[in-house]
>>> print(open('data.cif').read())   # mmCIF, C-alpha atoms
data_model
loop_
_atom_site.label_atom_id
_atom_site.label_comp_id
_atom_site.auth_asym_id
_atom_site.auth_seq_id
_atom_site.Cartn_x
_atom_site.Cartn_y
_atom_site.Cartn_z
CA MET I 25 -0.49 19.64 -38.49
CA ALA I 26 1.77 20.89 -35.72
CA LYS I 27 5.49 20.83 -36.36
CA PRO I 28 7.23 18.16 -34.28
CA THR I 29 9.54 19.36 -31.62
CA THR I 30 13.27 18.85 -31.68
CA ALA I 31 13.05 16.32 -28.86
CA ALA I 32 10.46 14.27 -30.80
CA ARG I 33 12.58 14.41 -33.98
CA LEU I 34 15.62 13.29 -31.97
CA ASP I 35 13.73 10.31 -30.57
CA ALA I 36 12.57 9.38 -34.10
CA ALA I 37 16.12 9.65 -35.48
CA ARG I 38 17.44 7.40 -32.74
CA ALA I 39 14.72 4.84 -33.46
CA GLU I 40 15.51 4.91 -37.20
CA HIS I 41 19.20 4.48 -36.43
CA GLU I 42 18.49 1.44 -34.30
CA ALA I 43 16.36 -0.05 -37.08
CA THR I 44 19.08 0.60 -39.67
CA LEU I 45 21.68 -1.06 -37.45
CA HIS I 46 19.41 -4.08 -37.18
CA GLN I 47 19.04 -4.20 -41.00
CA ILE I 48 22.83 -3.97 -41.32
CA GLU I 49 23.22 -7.01 -39.06
CA GLU I 50 20.69 -8.95 -41.12
CA ALA I 51 22.32 -7.95 -44.46
CA THR I 52 25.75 -8.88 -43.17
CA ALA I 53 24.47 -12.30 -42.16
CA ALA I 54 22.80 -12.77 -45.59
CA ARG I 55 26.00 -11.82 -47.48
CA ASN I 56 28.05 -14.20 -45.38
CA SER I 57 25.58 -16.99 -46.15
CA ALA I 58 25.68 -16.22 -49.91
CA LEU I 59 29.45 -16.27 -49.90
CA LEU I 60 29.46 -19.61 -48.11
CA ALA I 61 26.97 -20.95 -50.68
CA ASP I 62 29.19 -19.76 -53.57
CA ASP I 63 26.37 -17.46 -54.71
CA ASP I 64 28.57 -14.54 -55.70
CA ARG I 65 25.86 -12.67 -57.59
CA LEU I 66 23.63 -12.64 -54.52
CA ALA I 67 26.54 -11.74 -52.31
CA ALA I 68 27.39 -8.76 -54.54
CA LYS I 69 23.77 -7.62 -54.55
CA VAL I 70 23.58 -7.87 -50.74
CA ALA I 71 26.90 -6.05 -50.44
CA THR I 72 25.47 -3.14 -52.40
CA GLN I 73 22.44 -3.05 -50.07
CA LEU I 74 24.80 -3.27 -47.10
CA ASP I 75 26.79 -0.25 -48.30
CA ASN I 76 23.60 1.75 -48.69
CA LEU I 77 22.47 0.80 -45.16
CA ARG I 78 25.82 1.76 -43.67
CA GLN I 79 25.70 5.14 -45.46
CA LEU I 80 22.17 5.60 -44.15
CA ALA I 81 23.34 4.76 -40.62
CA ARG I 82 26.12 7.36 -40.86
CA GLY I 83 23.52 9.90 -41.92
CA HIS I 84 21.40 8.96 -38.91
CA VAL I 85 24.40 9.51 -36.62
CA ASP I 86 25.07 12.93 -38.11
CA LYS I 87 21.39 13.81 -37.80
CA ILE I 88 21.32 12.71 -34.18
CA VAL I 89 24.37 14.86 -33.35
CA LEU I 90 22.78 17.89 -35.01
CA LEU I 91 19.45 17.35 -33.27
CA GLU I 92 21.15 16.93 -29.88
CA ALA I 93 22.98 20.23 -30.32
CA ALA I 94 19.74 21.92 -31.40
CA LEU I 95 17.96 20.46 -28.37
CA VAL I 96 20.68 21.77 -26.03
CA ARG I 97 20.33 25.24 -27.56
CA GLU I 98 16.56 25.14 -27.21
CA GLN I 99 16.79 24.01 -23.58
CA ALA I 100 19.28 26.80 -22.80
CA GLU I 101 17.01 29.36 -24.45
CA ALA I 102 14.00 28.01 -22.53
CA ALA I 103 15.95 28.15 -19.26
CA ALA I 104 16.97 31.73 -20.02
CA ARG I 105 13.34 32.64 -20.69
CA ARG I 106 12.19 30.96 -17.47
CA HIS I 107 14.94 32.76 -15.53
CA GLU I 108 13.85 36.05 -17.05
CA VAL I 109 10.25 35.39 -16.03
CA HIS I 110 11.43 34.41 -12.52
CA LEU I 111 13.50 37.58 -12.23
CA ARG I 112 10.58 39.67 -13.40
CA GLU I 113 8.28 38.10 -10.82
CA PHE I 114 10.98 38.48 -8.14
CA GLU I 115 11.43 42.14 -9.03
CA GLN I 116 7.68 42.77 -9.00
CA THR I 117 7.35 41.07 -5.60
CA LEU I 118 10.11 43.21 -4.12
CA ALA I 119 8.55 46.31 -5.66
CA GLN I 120 5.28 45.48 -3.88
CA ALA I 121 7.26 44.85 -0.68
CA ASP I 122 8.89 48.27 -1.04
CA ILE I 123 5.47 49.87 -1.41
CA ALA I 124 4.30 48.03 1.70
CA GLY I 125 7.48 49.22 3.46
CA ASP I 126 6.68 52.82 2.54
CA GLU I 127 3.19 52.36 3.98
CA LEU I 128 4.71 50.80 7.09
CA GLN I 129 7.02 53.78 7.43
CA ARG I 130 4.10 56.18 7.19
CA ALA I 131 2.15 54.07 9.67
CA ALA I 132 5.11 54.11 12.09
CA ALA I 133 5.38 57.89 11.77
CA LEU I 134 1.64 58.20 12.34
CA LEU I 135 1.91 55.86 15.34
CA GLU I 136 4.67 57.98 16.84
CA GLN I 137 2.67 61.16 16.19
CA LYS I 138 -0.50 59.80 17.80
CA PHE I 139 1.54 58.36 20.66
CA ARG I 140 3.06 61.79 21.42
CA GLU I 141 -0.30 63.50 21.03
CA THR I 142 -1.96 61.08 23.45
CA ILE I 143 0.81 61.63 25.99
CA ARG I 144 0.59 65.41 25.59
CA LEU I 145 -3.15 65.50 26.20
CA ARG I 146 -3.11 63.10 29.13
CA GLU I 147 -0.20 64.93 30.79
CA LEU I 148 -2.13 68.16 30.23
CA ALA I 149 -4.99 66.56 32.15
CA LEU I 150 -2.45 65.51 34.80
CA SER I 151 -1.51 69.17 35.29
CA MET I 152 -5.16 69.79 36.25
CA TRP I 153 -5.09 67.03 38.85
CA PRO I 154 -5.09 68.10 42.53
CA VAL I 155 -1.66 66.71 43.31
CA GLY I 156 -0.94 66.33 47.03
CA LYS I 157 -4.55 65.96 48.06
CA SER I 158 -4.24 62.22 48.46
CA ALA I 159 -1.30 59.86 48.22
CA HIS I 160 -3.69 57.20 46.94
CA GLY I 161 -4.94 59.52 44.22
CA ASP I 162 -1.42 60.62 43.25
CA ALA I 163 -0.39 56.98 42.88
CA MET I 164 -3.34 55.79 40.83
CA VAL I 165 -3.41 58.82 38.51
CA ARG I 166 -0.06 57.80 36.93
CA ALA I 167 -0.61 54.03 36.93
CA PRO I 168 -1.65 52.23 33.71
CA GLU I 169 -4.24 50.32 35.75
CA GLY I 170 -5.57 53.61 37.13
CA ALA I 171 -6.10 56.89 35.32
CA ALA I 172 -3.03 56.49 33.03
CA LEU I 173 -2.27 60.24 32.96
CA ALA I 174 1.49 59.76 32.61
CA ALA I 175 3.75 59.03 29.64
CA GLY I 176 4.94 55.77 31.18
CA ALA I 177 1.38 54.53 31.59
CA VAL I 178 0.54 55.28 27.95
CA SER I 179 3.72 53.48 26.89
CA VAL I 180 2.77 50.38 28.89
CA LEU I 181 -0.75 50.33 27.43
CA LEU I 182 0.69 50.68 23.92
CA GLN I 183 2.96 47.70 24.57
CA HIS I 184 -0.11 45.71 25.60
CA GLU I 185 -1.85 46.74 22.39
CA LEU I 186 1.13 45.72 20.25
CA HIS I 187 1.04 42.34 21.97
CA ARG I 188 -2.72 42.02 21.42
CA VAL I 189 -2.68 42.75 17.68
CA GLY I 190 0.76 41.41 16.81
CA THR I 191 1.26 38.18 18.74
CA GLU I 192 -0.08 34.77 17.77
CA ALA I 193 -0.19 32.08 20.42
CA ARG I 194 1.29 28.68 19.68
CA LEU I 195 -1.09 25.78 19.28
CA GLY I 196 1.50 23.20 20.33
CA GLY I 197 1.82 19.56 19.40
CA ASP I 198 3.81 20.20 16.22
CA PRO I 199 7.59 20.68 16.47
CA HIS I 200 7.56 22.28 12.99
CA GLU I 201 4.78 24.72 13.78
CA ARG I 202 5.37 28.12 12.24
CA VAL I 203 4.17 31.15 14.17
CA LYS I 204 4.20 34.64 12.75
CA VAL I 205 6.84 36.98 14.09
CA PRO I 206 5.33 39.23 16.79
CA LEU I 207 5.33 42.98 16.51
CA PRO I 208 8.43 44.42 18.20
CA GLY I 209 7.94 46.02 21.57
CA GLY I 210 4.79 44.14 22.53
CA ALA I 211 4.39 42.94 26.10
CA PRO I 212 1.45 41.06 27.66
CA ALA I 213 -0.39 42.54 30.58
CA ARG I 214 -0.31 39.09 32.27
CA LEU I 215 2.05 36.15 31.93
CA THR I 216 -0.94 33.79 32.01
CA PRO I 217 -4.23 34.75 30.32
CA LEU I 218 -7.47 35.09 32.23
CA ILE I 219 -9.84 32.16 31.66
CA ASP I 220 -13.61 32.52 31.47
CA GLN I 221 -15.01 30.06 34.00
CA LYS I 222 -18.13 29.46 31.90
CA THR I 223 -16.65 28.97 28.47
CA LYS I 224 -13.18 27.84 29.66
CA GLN I 225 -11.72 30.10 26.96
CA PRO I 226 -9.18 32.92 27.37
CA VAL I 227 -10.75 36.29 28.01
CA ALA I 228 -10.27 38.66 25.09
CA LEU I 229 -7.63 41.31 25.67
CA LYS I 230 -8.85 44.87 26.05
CA PRO I 231 -8.03 47.15 23.07
CA LEU I 232 -5.95 50.26 23.63
CA GLY I 233 -8.78 52.71 22.95
CA GLU I 234 -11.11 50.93 25.34
CA ALA I 235 -8.42 50.83 28.05
CA LEU I 236 -7.73 54.57 27.70
CA ARG I 237 -11.44 55.43 27.78
CA ALA I 238 -11.90 53.33 30.91
CA ALA I 239 -8.93 55.11 32.53
CA SER I 240 -10.41 58.50 31.59
CA ARG I 241 -13.81 57.58 33.05
CA PHE I 242 -12.12 56.44 36.24
CA ALA I 243 -10.21 59.74 36.53
CA VAL I 244 -13.32 61.84 35.92
CA GLU I 245 -15.43 59.85 38.38
CA THR I 246 -12.70 60.09 41.02
CA LEU I 247 -12.37 63.85 40.62
CA ARG I 248 -16.13 64.47 40.43
CA GLY I 249 -17.01 62.27 43.38
CA ASP I 250 -13.98 63.31 45.48
CA LYS I 251 -13.02 59.65 45.83
CA PHE I 252 -9.50 60.33 46.97
CA VAL I 253 -9.31 59.01 50.52
CA PRO I 254 -11.21 55.87 51.46
CA PRO I 255 -13.46 56.25 54.53
CA VAL I 256 -11.65 55.67 57.80
CA VAL I 257 -13.27 53.07 60.04
CA ALA I 258 -12.97 53.93 63.71
CA GLN I 259 -10.92 51.35 65.61
CA PRO I 260 -11.49 50.50 69.30
CA GLU I 261 -8.80 51.50 71.76
CA PRO I 262 -6.58 48.60 72.84
CA THR I 263 -7.25 47.37 76.36
CA GLY I 264 -4.57 44.71 76.77
CA PRO I 265 -0.88 45.14 77.54
CA ARG I 266 1.17 46.91 74.90
CA LEU I 267 3.81 44.84 73.14
CA VAL I 268 7.29 46.27 73.23
CA PHE I 269 7.68 46.01 69.43
CA ASP I 270 4.33 47.66 68.69
CA GLU I 271 5.32 51.32 68.47
CA SER I 272 1.92 52.35 67.12
CA ALA I 273 0.02 51.12 70.20
CA PRO I 274 -0.59 53.68 72.97
CA ALA I 275 1.52 53.39 76.07
CA PRO I 276 -0.26 52.37 79.32
CA PRO I 277 -1.13 55.22 81.69
CA THR I 278 1.62 56.11 84.16
CA PRO I 279 0.59 56.35 87.86
CA ALA I 280 0.82 59.77 89.41
CA ALA I 281 3.32 58.53 91.98
CA ALA I 282 5.45 56.86 89.37
CA ARG I 283 9.10 57.51 89.73
CA GLN I 284 11.90 57.61 87.20
CA PRO I 285 13.42 54.23 86.31
CA ARG I 286 16.14 53.25 88.70
CA ALA I 287 19.69 53.61 87.52
CA PRO I 288 21.31 50.17 87.43
CA ALA I 289 24.02 49.37 89.91
CA GLN I 290 27.62 49.48 88.81
CA PRO I 291 28.05 45.68 88.52
CA LEU I 292 24.92 45.47 86.41
CA ALA I 293 26.35 47.73 83.71
CA ALA I 294 28.90 45.12 82.79
CA VAL I 295 26.19 42.43 82.66
CA SER I 296 23.44 44.25 80.80
CA ASP I 297 25.80 45.69 78.21
CA ILE I 298 26.85 42.25 77.00
CA GLU I 299 26.51 41.96 73.23
CA PRO I 300 26.60 38.61 71.40
CA LEU I 301 29.47 39.70 69.17
CA ALA I 302 31.37 41.72 71.81
CA GLU I 303 31.70 39.20 74.67
CA TYR I 304 31.10 35.49 74.70
CA VAL I 305 28.59 34.00 77.18
CA PRO I 306 28.58 30.21 77.54
CA PRO I 307 25.34 28.65 76.32
CA GLU I 308 24.40 27.15 79.71
CA PHE I 309 24.23 30.64 81.25
CA ARG I 310 22.27 32.38 78.53
CA PRO I 311 18.70 31.42 79.65
CA ARG I 312 19.36 32.57 83.24
CA LEU I 313 20.99 35.80 82.07
CA ALA I 314 18.07 36.59 79.73
CA ALA I 315 15.53 35.89 82.47
CA LEU I 316 17.33 38.12 85.00
CA LEU I 317 17.67 40.96 82.47
CA SER I 318 13.96 40.76 81.62
CA GLN I 319 13.09 40.75 85.33
CA GLN I 320 15.32 43.78 85.91
CA ALA I 321 13.64 45.71 83.08
CA ARG I 322 10.17 44.85 84.40
CA LEU I 323 10.95 45.72 88.00
CA GLY I 324 12.67 48.94 86.99
CA GLN I 325 9.35 50.30 85.65
CA SER I 326 7.36 49.42 88.77
CA ALA I 327 6.62 51.82 91.64
CA ALA I 328 5.30 49.21 94.09
CA PRO I 329 7.21 49.03 97.42
CA GLU I 330 7.41 45.25 97.31
CA ASP I 331 9.21 45.49 93.95
CA GLU I 332 11.99 47.52 95.58
CA ARG I 333 13.26 44.48 97.43
CA ALA I 334 12.80 42.28 94.36
CA TYR I 335 14.79 44.76 92.30
CA GLU I 336 17.70 44.73 94.77
CA GLN I 337 17.64 40.94 94.84
CA CYS I 338 17.69 40.87 91.00
CA LEU I 339 20.78 43.07 90.99
CA ALA I 340 22.48 40.74 93.44
CA ASP I 341 21.57 37.71 91.34
CA LEU I 342 22.98 39.38 88.25
CA THR I 343 26.23 40.18 90.05
CA ALA I 344 26.54 36.59 91.24
CA LEU I 345 25.78 35.25 87.76
CA ARG I 346 28.41 37.55 86.33
CA SER I 347 31.01 36.16 88.66
CA GLU I 348 29.96 32.61 87.84
CA ILE I 349 30.28 33.33 84.11
CA GLU I 350 33.78 34.72 84.58
CA ARG I 351 34.87 31.66 86.58
CA ALA I 352 33.45 29.35 83.90
CA LYS I 353 35.30 31.24 81.19
CA ASN I 354 38.55 31.02 83.20
CA GLY I 355 38.10 27.27 83.62
CA GLU I 356 37.53 27.38 87.38
CA ALA I 357 35.14 24.90 88.99
CA ALA I 358 31.98 26.27 90.53
CA ALA I 359 32.18 26.58 94.27
#
>>> encode(input="data.cif", output="structure tokens")
Amino acid sequence: MAKPTTAARLDAARAEHEATLHQIEEATAARNSALLADDDRLAAKVATQLDNLRQLARGHVDKIVLLEAALVREQAEAAARRHEVHLREFEQTLAQADIAGDELQRAAALLEQKFRETIRLRELALSMWPVGKSAHGDAMVRAPEGAALAAGAVSVLLQHELHRVGTEARLGGDPHERVKVPLPGGAPARLTPLIDQKTKQPVALKPLGEALRAASRFAVETLRGDKFVPPVVAQPEPTGPRLVFDESAPAPPTPAAARQPRAPAQPLAAVSDIEPLAEYVPPEFRPRLAALLSQQARLGQSAAPEDERAYEQCLADLTALRSEIERAKNGEAAA
């Protein structure tokens, strides 16, 4: 038979003490009744029983005190044992974490080593590239979306890989959702993922090795096929008038008898040199002034005899308009 625990013995002692107290109450009542009935012999007999019960109750109290102290000691010892087990498990967990940290350190060193080796080899291939043959080829050979033969391109692709393997997207809908901490340094290639139109699911991200192999194939195919400069499509010669702001368009042919542009008359210099911030022109005169200046520029390039008279008339109109502007600015009424 298993030995009862201290807690069970304490509960039994408390129950016995309660029963003894109840017997003491009954014996006290019986003695009082015997004394009232003048039955002294019975009262003496009950008094003896009452003394024995009270002594037994005192023993129960002492026993309860001893058992409570023993229970406190046992609970403290059990708590100490549990704490020791907890500390041992805590220490073992941290020891495993330290081992994982050592492996992480070696993995980081290996990552840095392979990162430098990849850069060295791809920059070695870049030194074999015909730089200067094509601006398009020189641009794409260093781009991560192109041949990725530069250190910066390899770094960008590695950031994409860290994002691919070390980032977990949120599901949403739960304010207490816990998402694992992403790997440091990861960056997505796109802010919004590509969606497959058939499955309506995000397109899987391309692994680093696959992206580098695709970049290498692109570089080899470009160099082997001499795909540096895209074919130039012949463009028809423009037949309409050339716009003044289109510097790339060819100028119209100049007639053989064309003369040099006329030098503007002296009054015109003051009018044509007007700048918006240098001299104020009232708004009501601006459309006329702009029209006359445009007409002067057009007539100045013409060699037709009839444009000679028109040019002289334009100069006269500009001089008259200049005088009218000055009178308006001085507050004089128009004649």
>>> atom_distance(input="data.cif", atom1="atom CA of I:Arg214", atom2="atom CA of I:Leu247")
28.8 Å
>>> residues_around(input="data.cif", residues="I:Ala172", least_positions_apart="4", cutoff="10 Å", atoms="only C-alpha atoms", output="VMD selection string")
chain I and resid 143 146 to 147 150 164 to 168 176 to 181 235 to 240 242 to 243
>>> residues_around(input="data.cif", residues="I:Arg312", least_positions_apart="6", cutoff="10 Å", atoms="only C-alpha atoms", output="list in words")
Ser318, Asp341, Leu342 and Leu345 of chain I
>>> atom_distance(input="data.cif", atom1="atom CA of I:Pro206", atom2="atom CA of I:Ala121")
18.5 Å
>>> atom_distance(input="data.cif", atom1="atom CA of I:Ala193", atom2="atom CA of I:Leu207")
12.8 Å
